[in-house]
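Written out below as structure tokens is the structure these notes cover.
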Amino acid sequence: MKAHWRSLIVALFLVGFLLTCIIGTSTAMTFIWPAYLLMGVSGVLMITFLFEKTTFALPRWTVVMVFALMSYVILRSLDSPVAYFAREDVALAVACFLAYAGFLILCGNSQRRLAVRLTLAALVIANVVFALLQKVFGSGIWLIPGYERTSTTTVGGLFNQADHYAAFLGATVPLWLSFALFGKNNRLMRSVWMAMACISGLGMMLAGSVVGWLSLVAGMSVFLALSTFLLWNRFKPNVRSQATIIATCVTLIASVGMIAFSGPISKVLSRDLLTEQGNASLPLMWEAGVRQMLEAPMVGAGSRASYIYSRVFRPEELAPGIGETEFVHNELLQVLGDYGIVGFLFVLAVLGMHLALGYRFIKGYREFTPARGELLQKSEHLAFVLGAFSCLIAFLAAAMVDFTLHLPTFALVSAILLAVLAAPDPMSSATRPGTWTSVFPGGNLVFATRTVSFACGIVMLIFGVIYSQSEYHYEKARIAFEDNSQDFKLMRHLNAARALDPVNPYAQSLSAHAQVAAITPELSIPARRQALEQAEIYFSRARKLYPQDVFAAIGHSAVLDELGRTGDARIRLESARKWAPLYGNLMQAEAEHHLRHGRVAEAERAFRKSLSAGAFANREAAEEGLKTISEWKFIAMQNGIRWEPEEDSTEPGRERRIREAGIQERVLAGQAVPEPEEWKEDSPKEETPEEEEDRD
């Protein structure tokens, strides 16, 4: 009965792991909470093995450092600029710990570790199948009907980006080769693992990604180096001498070739490796990451703060067609920017300690005497360690030019591979009975790992239930808003999303937009004002939750304008511009705000500036705005009304109003509707040009 219970929990754990890796192929959290929920359930059920005896001891300081890293991420999330972003990192860290601990607690023999390998193989096959479907039927095909990949220039499997897909498959090639060459398999299984290596390699080539090749080369280089290290003492002296000579010649030829063709090679690398789709230059993104890091060098700016600082420090040289960069596209700089030097040292210690354990195991295996007629004693554990070591290095190579480790798929697979290195041989202590010094079976560290995994399971179970529902309602509301912004079902879903997840700023912003969209010409003036006031409340809540949301600021300022709060509207836009100084949509919103209130010169300057904006530039809308201003000027001159600033004015930016020119009814994109007469008493009274001259 106990064996069946364990098998059930192992199956639940692997299903949750596989589902998380299938869904978690982008940074969006919309669909991943049900998968996190399953992992949480398996974490809770692991408590049944709290006092179970173990056959291996965990490396003390290595696991302690894992605890320290997870604790630091959680603590720093409390100081994150946006709670909604912080929980993405916290959830990912907790899920990774559940994967790490689940492997150690549940997969203590070769059969269960084989189940883990088969789960990884299923993940690879699923990606390759989707890549083939995209190649044949269209590159936008994705797992969930109604949703497509936003990056549709080439195949990407389940991943949104082709680089992520190629990097993942390229990194797994040495893993499968290790099982085929060093595992204690029969001929059939050896053929299966060799086939998996070919599938991964060919699937990677479908994407045509240089990042995929980088991942493959890095992983295979480490695999070949470790394999040579293992077998070196088994070779005859003459073979070793010949191998040394060949390796030296190859190294010299490669070095001379790189020196001779350094120019063309650097151009190819710059074009294919350091430039992403849309001419997004990685060094420019790294520059923004370095500037973010300098904001708080020791502890970092907070979880996912790059979402915010990528706008603030966006280089002017970055192509205007590039939208939100969000991540630094270099995990080293990402960790330094978000978690500072302290966080980077924690990450470095965790990786370094686990890789050291793996290397120690491989080095120790060199001394085993192989069976007669064999170069090396075959072992499933050795194969897993060798493949995990190579795969992790491949992931790290890809992480230097992308944000792969912020994707749940890469992160959870890495956690499993680290657990393999932490306990390379689950039977290592079977021949050493009585070595435990703790009252708990397996020692204090094993007991602590089981206890913390139970706590993490509870957390993921509770929040998985809540956020699965809240994200569902928010997504339904978003779709309904895009289809029909006045659909009554929209409000029901928004109410549910806000009630379940009150710290989601996007639910608050969408609620505000829905209120504005519900205003129709037939709506009575009191009802219209009430809808605008309710929209302003939602926008204000969103601003408190996410002050740096520059997109919500545009709608918020328009609502404030409608309510006659001109000064607040201008302040809202000016504060948003500080967070995104190069964004053209904000410049145009400012221009339209000035135009509503007759500040023609300021509006014209803002429209002209938006023409050359560094991001989100809408040239057509800006030219339409400038055309409107020209028409206003013409009408003003016909009516004898001056629009230029007074030459002798001591107030900078002070200019004549032109609302009397008779064209205030013209509505621009995003422009507020003119105030009804019933609201005039609540708004500051506009001065006529004659009254202004009398006052002067």
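Residues are named by chain letter and number: chains run A, B, ... in the order of the structure tokens, numbers start at 1 in each chain, and ligands are numbered from 1 in the order shown.
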| task | DSSP on the backbone, then: every residue of range 50-287 of chain A marked strand (DSSP E or B), written as number ranges by chain. | result | A: 275-276, 280-281
Query raised in the report: Which residues in range 398-644 of chain A does DSSP call alpha helix (DSSP H)? List them as a count of residues only.
Result: 176
**OP:** Could you give me, as a VMD selection string, the residues within 12 Å of range 137-151 of chain A, counting only C-alpha atoms and dropping anything in the same chain fewer than 5 positions from it?
**Re:** chain A and resid 19 22 to 26 28 30 to 31 126 to 127 129 to 132 156 to 165 206 to 207 276 to 278 475 479
Please produce a file of those selected residues containing C-alpha atoms, as a PDB file, in the first residue's frame.
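Now in out18.pdb:
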ATOM      1  CA  LEU A  19       2.331  20.716 -17.108  1.00  0.00           C
ATOM      2  CA  ILE A  22       4.588  22.932 -21.045  1.00  0.00           C
ATOM      3  CA  ILE A  23       2.673  26.061 -20.055  1.00  0.00           C
ATOM      4  CA  GLY A  24       5.607  27.990 -18.586  1.00  0.00           C
ATOM      5  CA  THR A  25       7.324  28.727 -21.874  1.00  0.00           C
ATOM      6  CA  SER A  26       6.917  32.493 -21.569  1.00  0.00           C
ATOM      7  CA  ALA A  28       3.123  35.405 -18.793  1.00  0.00           C
ATOM      8  CA  THR A  30      -2.053  33.729 -17.101  1.00  0.00           C
ATOM      9  CA  PHE A  31      -2.190  29.975 -17.583  1.00  0.00           C
ATOM     10  CA  ALA A 126       5.951  17.988 -27.321  1.00  0.00           C
ATOM     11  CA  ASN A 127       8.039  20.994 -28.386  1.00  0.00           C
ATOM     12  CA  VAL A 129       5.791  18.187 -32.514  1.00  0.00           C
ATOM     13  CA  PHE A 130       4.494  21.737 -32.180  1.00  0.00           C
ATOM     14  CA  ALA A 131       7.477  23.032 -34.149  1.00  0.00           C
ATOM     15  CA  LEU A 132       6.634  20.660 -36.991  1.00  0.00           C
ATOM     16  CA  GLY A 156       9.262  27.978 -31.677  1.00  0.00           C
ATOM     17  CA  GLY A 157       7.477  24.878 -30.445  1.00  0.00           C
ATOM     18  CA  LEU A 158       5.646  25.641 -27.217  1.00  0.00           C
ATOM     19  CA  PHE A 159       7.904  28.653 -26.593  1.00  0.00           C
ATOM     20  CA  ASN A 160       6.907  32.120 -27.698  1.00  0.00           C
ATOM     21  CA  GLN A 161      10.426  32.969 -28.865  1.00  0.00           C
ATOM     22  CA  ALA A 162      12.385  30.804 -31.301  1.00  0.00           C
ATOM     23  CA  ASP A 163      15.616  31.474 -29.382  1.00  0.00           C
ATOM     24  CA  HIS A 164      14.152  30.000 -26.194  1.00  0.00           C
ATOM     25  CA  TYR A 165      12.930  26.910 -28.010  1.00  0.00           C
ATOM     26  CA  LEU A 206      14.251  24.057 -37.426  1.00  0.00           C
ATOM     27  CA  ALA A 207      14.374  27.394 -35.619  1.00  0.00           C
ATOM     28  CA  GLU A 276      17.368  40.036 -31.788  1.00  0.00           C
ATOM     29  CA  GLN A 277      14.285  40.230 -33.982  1.00  0.00           C
ATOM     30  CA  GLY A 278      13.427  43.777 -34.978  1.00  0.00           C
ATOM     31  CA  GLU A 475      -8.545  36.975 -19.045  1.00  0.00           C
ATOM     32  CA  ILE A 479     -11.300  39.082 -24.196  1.00  0.00           C
TER      33      ILE A 479
END
Problem set entry | Shell of 12 Å around Ile9 in chain A, only C-alpha atoms, local chain residues under 5 positions omitted, as a list in words | Lys2, Ala3, His4, Leu14, Val15, Gly16, Leu38, Met39, Gly40, Val41, Ser42, Gly43, Val44, Leu45, Met46, Ile47, Thr48, Phe49, Gly102, Phe103, Ile105, Leu106, Cys107 and Arg112 of chain A
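For the choices A:Ala527, A:Ile199, A:Ala93, A:Ala288, the atom-to-atom distance to Ile308 in chain A is smallest for A:Ala288 when using only C-alpha atoms.
Restricting the calculation to only C-alpha atoms, the smallest distance between Ile466 in chain A and any of A:Val385, A:Ala496, A:Leu231, A:Leu586 is found for A:Ala496.
Of the listed residues (A:Ala499, A:Ala171, A:Cys96, A:Leu78), A:Cys96 comes nearest to Leu407 in chain A; the distances count only C-alpha atoms.
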Next item on the list: Using only C-alpha atoms, determine which residues lie at most 6 Å from range 212-228 of chain A, disregarding the query and same-chain residues fewer than 6 positions distant; provide the list as a VMD selection string.
Entry: chain A and resid 166 to 167 170 to 171 174 390 to 391 393 to 394 397 to 398
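Interatomic distance, CA of Ile74 in chain A against CA of Pro59 in chain A: 23.1 Å.
Excluding range 180-182 of chain A itself and same-chain residues fewer than 5 positions from it, the residues having an atom within 7 Å of it are Arg190, Trp193, Met194, Lys378, Ser379 and Ala383 of chain A, counting only C-alpha atoms.
Residues in contact with Glu295 in chain A at up to 12 Å, not including ones fewer than 5 positions away on its chain and judged by only C-alpha atoms, are Ala288, Gly289, Val290, Gly300, Ala301, Gly302, Ala305, Ser306, Tyr309, Val312, Phe313, Leu336, Gly337, Asp338, Tyr339 and Gly340 of chain A.
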Once you have the residues from the selection above, write them out as a PDB file, in the first residue's frame, restricted to C-alpha atoms.
ATOM      1  CA  ALA A 288      20.012  49.798 -19.363  1.00  0.00           C
ATOM      2  CA  GLY A 289      20.600  46.834 -17.035  1.00  0.00           C
ATOM      3  CA  VAL A 290      23.901  48.263 -15.831  1.00  0.00           C
ATOM      4  CA  GLY A 300      19.054  45.507  -6.126  1.00  0.00           C
ATOM      5  CA  ALA A 301      16.028  47.510  -7.205  1.00  0.00           C
ATOM      6  CA  GLY A 302      13.535  44.722  -6.420  1.00  0.00           C
ATOM      7  CA  ALA A 305      12.248  45.924 -11.442  1.00  0.00           C
ATOM      8  CA  SER A 306      13.621  45.690 -14.972  1.00  0.00           C
ATOM      9  CA  TYR A 309      13.831  50.571 -15.409  1.00  0.00           C
ATOM     10  CA  VAL A 312      13.556  54.772 -17.629  1.00  0.00           C
ATOM     11  CA  PHE A 313      17.002  53.878 -18.946  1.00  0.00           C
ATOM     12  CA  LEU A 336      22.480  42.122 -10.262  1.00  0.00           C
ATOM     13  CA  GLY A 337      19.835  44.688 -11.208  1.00  0.00           C
ATOM     14  CA  ASP A 338      16.920  43.058  -9.381  1.00  0.00           C
ATOM     15  CA  TYR A 339      18.683  41.477  -6.384  1.00  0.00           C
ATOM     16  CA  GLY A 340      22.042  43.219  -6.228  1.00  0.00           C
TER      17      GLY A 340
END
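Of the residues listed (A:Asn444, A:Lys627, A:Ser540, A:Ile554), A:Ile554 shows the shortest atom-to-atom separation from His593 in chain A; distances use only C-alpha atoms.
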